[in-house]
$ cat upload.txt   # compact mmCIF, C-alpha atoms
# COMPACT_ATOMS: atom_id res chain seq x y z
CA MET U 90 52.66 235.36 74.92
CA ASP U 91 53.81 233.45 78.00
CA PRO U 92 53.72 229.63 77.40
CA GLN U 93 51.69 229.07 80.58
CA ALA U 94 49.15 231.73 79.57
CA GLU U 95 48.89 230.14 76.12
CA ALA U 96 48.46 226.71 77.69
CA LEU U 97 45.73 228.03 79.98
CA ASP U 98 43.89 229.57 77.02
CA THR U 99 44.14 226.26 75.16
CA LEU U 100 42.93 224.30 78.19
CA ARG U 101 39.98 226.63 78.60
CA ALA U 102 39.02 226.12 74.95
CA ILE U 103 39.27 222.32 75.25
CA CYS U 104 37.46 222.14 78.59
CA ARG U 105 34.68 224.50 77.47
CA ALA U 106 33.31 221.58 75.44
CA LEU U 107 33.29 219.25 78.46
CA SER U 108 30.33 219.20 80.79
CA PRO U 109 30.20 219.31 83.70
CA CYS U 110 33.47 221.20 84.12
CA GLU U 111 34.58 223.92 86.49
CA GLU U 112 37.76 225.97 86.50
CA ALA U 113 39.30 226.38 89.96
CA LEU U 114 42.65 226.60 91.71
CA SER U 115 44.46 223.59 93.10
CA TYR U 116 47.36 224.55 95.36
CA GLY U 117 47.47 227.87 93.51
CA ASN U 118 47.52 226.27 90.05
CA PRO U 119 44.77 226.56 87.41
CA ALA U 120 42.77 223.35 87.49
CA PHE U 121 39.73 221.96 85.75
CA LYS U 122 37.42 219.77 87.79
CA ARG U 123 34.51 217.47 87.30
CA GLY U 124 32.63 217.77 90.54
CA LYS U 125 35.28 217.85 93.24
CA THR U 126 37.82 215.85 91.24
CA PRO U 127 40.51 217.68 89.26
CA PHE U 128 41.21 216.02 85.94
CA VAL U 129 43.74 218.46 84.45
CA ILE U 130 46.00 221.00 86.17
CA LEU U 131 48.48 223.49 84.80
CA ASP U 132 51.33 222.77 87.21
CA ARG U 133 55.05 223.26 87.82
CA TYR U 134 57.45 220.52 88.81
CA LYS U 135 61.10 221.18 89.56
CA GLY U 136 60.67 224.67 88.14
CA GLU U 137 59.28 223.49 84.80
CA ALA U 138 55.74 224.19 83.59
CA CYS U 139 53.78 221.03 82.92
CA LEU U 140 50.33 219.63 82.44
CA TRP U 141 49.07 217.16 85.06
CA LEU U 142 46.19 214.94 84.01
CA LEU U 143 44.36 211.78 84.86
CA VAL U 144 45.16 209.07 82.33
CA ASP U 145 43.62 205.84 81.20
CA PRO U 146 45.64 203.02 82.81
CA VAL U 147 45.80 201.28 79.41
CA LEU U 148 47.67 204.28 77.94
CA ARG U 149 49.89 205.02 80.94
CA GLU U 150 52.96 202.97 79.97
CA ASP U 151 52.88 204.13 76.36
CA LEU U 152 52.66 207.77 77.39
CA LEU U 153 55.61 207.33 79.75
CA THR U 154 57.77 206.44 76.75
CA ALA U 155 56.79 209.61 74.85
CA PRO U 156 58.97 212.73 75.09
CA GLY U 157 58.12 215.04 77.97
CA TRP U 158 55.87 212.63 79.87
CA PHE U 159 56.67 211.56 83.42
CA ALA U 160 54.92 210.04 86.42
CA SER U 161 53.20 212.55 88.65
CA PRO U 162 55.21 212.85 91.85
CA TYR U 163 52.01 213.47 93.86
CA ASP U 164 50.01 210.50 92.61
CA LYS U 165 50.46 207.45 94.84
CA ARG U 166 47.58 205.62 93.11
CA LYS U 167 49.26 206.02 89.70
CA ARG U 168 46.22 207.56 88.05
CA ALA U 169 47.91 210.65 86.60
CA LEU U 170 50.89 211.73 84.52
CA CYS U 171 52.58 215.02 83.76
CA CYS U 172 53.89 216.37 80.47
CA THR U 173 56.19 219.34 80.13
CA LEU U 174 54.51 222.18 78.26
CA ASP U 175 57.28 222.35 75.69
CA GLN U 176 56.44 218.76 74.65
CA ILE U 177 52.63 219.04 74.56
CA ASP U 178 51.00 218.23 71.25
CA TRP U 179 47.63 219.88 71.88
CA THR U 180 45.93 217.99 69.05
CA ALA U 181 46.90 214.70 70.70
CA ALA U 182 46.27 216.07 74.20
CA ALA U 183 42.65 217.08 73.56
CA PRO U 184 41.31 213.49 73.52
CA LEU U 185 43.48 212.65 76.54
CA ILE U 186 41.89 215.58 78.40
CA ALA U 187 38.41 214.36 77.39
CA THR U 188 39.32 210.91 78.74
CA ALA U 189 40.63 212.52 81.96
CA HIS U 190 37.27 214.29 82.31
CA ARG U 191 35.45 210.97 81.91
CA LEU U 192 37.75 209.30 84.46
CA ALA U 193 37.05 212.08 86.98
CA GLY U 194 33.36 211.27 86.76
CA GLY U 195 33.75 207.92 88.42
$ encode --input "upload.txt" --output "structure tokens"
Amino acid sequence: MDPQAEALDTLRAICRALSPCEEALSYGNPAFKRGKTPFVILDRYKGEACLWLLVDPVLREDLLTAPGWFASPYDKRKRALCCTLDQIDWTAAAPLIATAHRLAGG
């Protein structure tokens, strides 16, 4: 199976447990939103598939030192990070996605 399709299936399974949550498109990419605010997006940057997500500011610097994580090039307020799909640990990402959902709520 295609890594992006697998990632989307995994995201759907994780986000199914989060409420309220809506799947939509953001600039043509699969995104999950809380209200109007996207909190996780399956994205591409410089040709590489990645996960974009809102992150807790307390965790931001630590995540930036982990393999695959980098600052979102579209996030001037420094609220989000990206992680290449080949470096995603979905067990560790699930609580980060739940936190992103909470952050999107206000």
$ closest_residue --input "upload.txt" --among "U:Val147, U:Gln93, U:Leu100, U:Cys139" --to "Trp179 of chain U" --atoms "only C-alpha atoms"
U:Leu100
$ atom_distance --input "upload.txt" --atom1 "atom CA of Cys171 of chain U" --atom2 "atom CA of Lys125 of chain U"
19.9 Å
$ residues_near_point --input "upload.txt" --point "(48.5, 209.1, 76.1)" --cutoff "8 Å" --atoms "all atoms listed in the file" --output "PDB file with C-alpha atoms, in the frame of the given file"
ATOM      1  CA  VAL U 144      45.160 209.070  82.330  1.00  0.00           C
ATOM      2  CA  ASP U 145      43.620 205.840  81.200  1.00  0.00           C
ATOM      3  CA  LEU U 148      47.670 204.280  77.940  1.00  0.00           C
ATOM      4  CA  ARG U 149      49.890 205.020  80.940  1.00  0.00           C
ATOM      5  CA  ASP U 151      52.880 204.130  76.360  1.00  0.00           C
ATOM      6  CA  LEU U 152      52.660 207.770  77.390  1.00  0.00           C
ATOM      7  CA  ALA U 181      46.900 214.700  70.700  1.00  0.00           C
ATOM      8  CA  ALA U 182      46.270 216.070  74.200  1.00  0.00           C
ATOM      9  CA  LEU U 185      43.480 212.650  76.540  1.00  0.00           C
TER      10      LEU U 185
END
$ atom_distance --input "upload.txt" --atom1 "atom CA of Lys167 of chain U" --atom2 "atom CA of Glu150 of chain U"
10.8 Å
$ residues_near_point --input "upload.txt" --point "(36.7, 218.8, 80.6)" --cutoff "7 Å" --atoms "only C-alpha atoms" --output "count of residues only"
11
$ atom_distance --input "upload.txt" --atom1 "atom CA of Arg133 of chain U" --atom2 "atom CA of Tyr163 of chain U"
11.9 Å
$ closest_residue --input "upload.txt" --among "U:Arg123, U:Arg168, U:Lys135, U:Arg191" --to "Pro109 of chain U" --atoms "only C-alpha atoms"
U:Arg123
$ residues_around --input "upload.txt" --residues "Gly117 of chain U" --least-positions-apart "4" --cutoff "10 Å" --atoms "all atoms listed in the file" --output "list in words"
Ala113, Leu131 and Asp132 of chain U
$ closest_residue --input "upload.txt" --among "U:Ile177, U:Thr126, U:Ala169, U:Leu142" --to "Gly157 of chain U" --atoms "all atoms listed in the file"
U:Ile177
$ closest_residue --input "upload.txt" --among "U:Phe128, U:Tyr116, U:Trp141, U:Tyr134" --to "Cys172 of chain U" --atoms "only C-alpha atoms"
U:Trp141
$ axis_aligned_box --input "upload.txt" --around "segment 93-104 of chain U" --padding-each-side "8 Å" --output "JSON"
{"center_x": 44.6, "center_y": 226.9, "center_z": 77.8, "size_x": 30.2, "size_y": 25.6, "size_z": 21.6}
$ closest_residue --input "upload.txt" --among "U:Ala96, U:Leu192, U:Leu143, U:Met90" --to "Asp164 of chain U" --atoms "all atoms listed in the file"
U:Leu143
$ build_atoms --input "upload.txt" --residues "segment 149-182 of chain U" --atoms "N, CA and C atoms" --output "PDB file, in the coordinates of the input"
ATOM      1  N   ARG U 149      48.859 204.493  80.039  1.00  0.00           N
ATOM      2  CA  ARG U 149      49.890 205.020  80.940  1.00  0.00           C
ATOM      3  C   ARG U 149      51.306 204.658  80.515  1.00  0.00           C
ATOM      4  N   GLU U 150      51.589 203.396  80.306  1.00  0.00           N
ATOM      5  CA  GLU U 150      52.960 202.970  79.970  1.00  0.00           C
ATOM      6  C   GLU U 150      53.413 203.515  78.629  1.00  0.00           C
ATOM      7  N   ASP U 151      52.515 203.560  77.659  1.00  0.00           N
ATOM      8  CA  ASP U 151      52.880 204.130  76.360  1.00  0.00           C
ATOM      9  C   ASP U 151      53.209 205.610  76.469  1.00  0.00           C
ATOM     10  N   LEU U 152      52.399 206.340  77.225  1.00  0.00           N
ATOM     11  CA  LEU U 152      52.660 207.770  77.390  1.00  0.00           C
ATOM     12  C   LEU U 152      53.994 208.013  78.091  1.00  0.00           C
ATOM     13  N   LEU U 153      54.342 207.158  79.032  1.00  0.00           N
ATOM     14  CA  LEU U 153      55.610 207.330  79.750  1.00  0.00           C
ATOM     15  C   LEU U 153      56.828 207.182  78.844  1.00  0.00           C
ATOM     16  N   THR U 154      56.655 206.580  77.681  1.00  0.00           N
ATOM     17  CA  THR U 154      57.770 206.440  76.750  1.00  0.00           C
ATOM     18  C   THR U 154      57.855 207.622  75.776  1.00  0.00           C
ATOM     19  N   ALA U 155      56.821 208.465  75.760  1.00  0.00           N
ATOM     20  CA  ALA U 155      56.790 209.610  74.850  1.00  0.00           C
ATOM     21  C   ALA U 155      57.584 210.778  75.441  1.00  0.00           C
ATOM     22  N   PRO U 156      58.189 211.595  74.594  1.00  0.00           N
ATOM     23  CA  PRO U 156      58.970 212.730  75.090  1.00  0.00           C
ATOM     24  C   PRO U 156      58.145 213.670  75.970  1.00  0.00           C
ATOM     25  N   GLY U 157      58.740 214.072  77.082  1.00  0.00           N
ATOM     26  CA  GLY U 157      58.120 215.040  77.970  1.00  0.00           C
ATOM     27  C   GLY U 157      57.216 214.476  79.050  1.00  0.00           C
ATOM     28  N   TRP U 158      56.783 213.229  78.906  1.00  0.00           N
ATOM     29  CA  TRP U 158      55.870 212.630  79.870  1.00  0.00           C
ATOM     30  C   TRP U 158      56.629 212.004  81.034  1.00  0.00           C
ATOM     31  N   PHE U 159      56.078 212.180  82.237  1.00  0.00           N
ATOM     32  CA  PHE U 159      56.670 211.560  83.420  1.00  0.00           C
ATOM     33  C   PHE U 159      55.588 211.304  84.469  1.00  0.00           C
ATOM     34  N   ALA U 160      55.881 210.385  85.369  1.00  0.00           N
ATOM     35  CA  ALA U 160      54.920 210.040  86.420  1.00  0.00           C
ATOM     36  C   ALA U 160      54.723 211.234  87.346  1.00  0.00           C
ATOM     37  N   SER U 161      53.508 211.462  87.725  1.00  0.00           N
ATOM     38  CA  SER U 161      53.200 212.550  88.650  1.00  0.00           C
ATOM     39  C   SER U 161      53.791 212.222  90.021  1.00  0.00           C
ATOM     40  N   PRO U 162      54.582 213.131  90.562  1.00  0.00           N
ATOM     41  CA  PRO U 162      55.210 212.850  91.850  1.00  0.00           C
ATOM     42  C   PRO U 162      54.218 212.869  93.016  1.00  0.00           C
ATOM     43  N   TYR U 163      52.999 213.350  92.786  1.00  0.00           N
ATOM     44  CA  TYR U 163      52.010 213.470  93.860  1.00  0.00           C
ATOM     45  C   TYR U 163      50.918 212.415  93.768  1.00  0.00           C
ATOM     46  N   ASP U 164      51.079 211.433  92.936  1.00  0.00           N
ATOM     47  CA  ASP U 164      50.010 210.500  92.610  1.00  0.00           C
ATOM     48  C   ASP U 164      50.377 209.081  93.052  1.00  0.00           C
ATOM     49  N   LYS U 165      50.110 208.778  94.303  1.00  0.00           N
ATOM     50  CA  LYS U 165      50.460 207.450  94.840  1.00  0.00           C
ATOM     51  C   LYS U 165      49.635 206.332  94.205  1.00  0.00           C
ATOM     52  N   ARG U 166      48.435 206.654  93.714  1.00  0.00           N
ATOM     53  CA  ARG U 166      47.580 205.620  93.110  1.00  0.00           C
ATOM     54  C   ARG U 166      47.881 205.404  91.622  1.00  0.00           C
ATOM     55  N   LYS U 167      48.832 206.155  91.092  1.00  0.00           N
ATOM     56  CA  LYS U 167      49.260 206.020  89.700  1.00  0.00           C
ATOM     57  C   LYS U 167      48.097 206.188  88.712  1.00  0.00           C
ATOM     58  N   ARG U 168      47.339 207.252  88.927  1.00  0.00           N
ATOM     59  CA  ARG U 168      46.220 207.560  88.050  1.00  0.00           C
ATOM     60  C   ARG U 168      46.509 208.730  87.122  1.00  0.00           C
ATOM     61  N   ALA U 169      47.641 209.431  87.356  1.00  0.00           N
ATOM     62  CA  ALA U 169      47.910 210.650  86.600  1.00  0.00           C
ATOM     63  C   ALA U 169      49.349 210.669  86.091  1.00  0.00           C
ATOM     64  N   LEU U 170      49.557 211.469  85.055  1.00  0.00           N
ATOM     65  CA  LEU U 170      50.890 211.730  84.520  1.00  0.00           C
ATOM     66  C   LEU U 170      51.043 213.223  84.310  1.00  0.00           C
ATOM     67  N   CYS U 171      52.278 213.640  84.106  1.00  0.00           N
ATOM     68  CA  CYS U 171      52.580 215.020  83.760  1.00  0.00           C
ATOM     69  C   CYS U 171      53.299 215.033  82.415  1.00  0.00           C
ATOM     70  N   CYS U 172      53.154 216.156  81.711  1.00  0.00           N
ATOM     71  CA  CYS U 172      53.890 216.370  80.470  1.00  0.00           C
ATOM     72  C   CYS U 172      54.373 217.811  80.467  1.00  0.00           C
ATOM     73  N   THR U 173      55.657 217.993  80.187  1.00  0.00           N
ATOM     74  CA  THR U 173      56.190 219.340  80.130  1.00  0.00           C
ATOM     75  C   THR U 173      55.490 220.113  79.001  1.00  0.00           C
ATOM     76  N   LEU U 174      55.241 221.384  79.251  1.00  0.00           N
ATOM     77  CA  LEU U 174      54.510 222.180  78.260  1.00  0.00           C
ATOM     78  C   LEU U 174      55.231 222.268  76.924  1.00  0.00           C
ATOM     79  N   ASP U 175      56.562 222.250  76.955  1.00  0.00           N
ATOM     80  CA  ASP U 175      57.280 222.350  75.690  1.00  0.00           C
ATOM     81  C   ASP U 175      57.170 221.080  74.838  1.00  0.00           C
ATOM     82  N   GLN U 176      56.611 220.014  75.401  1.00  0.00           N
ATOM     83  CA  GLN U 176      56.440 218.760  74.650  1.00  0.00           C
ATOM     84  C   GLN U 176      54.968 218.448  74.337  1.00  0.00           C
ATOM     85  N   ILE U 177      54.066 219.309  74.774  1.00  0.00           N
ATOM     86  CA  ILE U 177      52.630 219.040  74.560  1.00  0.00           C
ATOM     87  C   ILE U 177      52.274 219.187  73.084  1.00  0.00           C
ATOM     88  N   ASP U 178      51.633 218.176  72.566  1.00  0.00           N
ATOM     89  CA  ASP U 178      51.000 218.230  71.250  1.00  0.00           C
ATOM     90  C   ASP U 178      49.508 218.391  71.564  1.00  0.00           C
ATOM     91  N   TRP U 179      48.997 219.613  71.439  1.00  0.00           N
ATOM     92  CA  TRP U 179      47.630 219.880  71.880  1.00  0.00           C
ATOM     93  C   TRP U 179      46.587 219.105  71.082  1.00  0.00           C
ATOM     94  N   THR U 180      46.871 218.797  69.826  1.00  0.00           N
ATOM     95  CA  THR U 180      45.930 217.990  69.050  1.00  0.00           C
ATOM     96  C   THR U 180      45.800 216.593  69.647  1.00  0.00           C
ATOM     97  N   ALA U 181      46.922 216.018  70.052  1.00  0.00           N
ATOM     98  CA  ALA U 181      46.900 214.700  70.700  1.00  0.00           C
ATOM     99  C   ALA U 181      46.413 214.791  72.139  1.00  0.00           C
ATOM    100  N   ALA U 182      46.653 215.923  72.798  1.00  0.00           N
ATOM    101  CA  ALA U 182      46.270 216.070  74.200  1.00  0.00           C
ATOM    102  C   ALA U 182      44.762 216.236  74.382  1.00  0.00           C
TER     103      ALA U 182
END
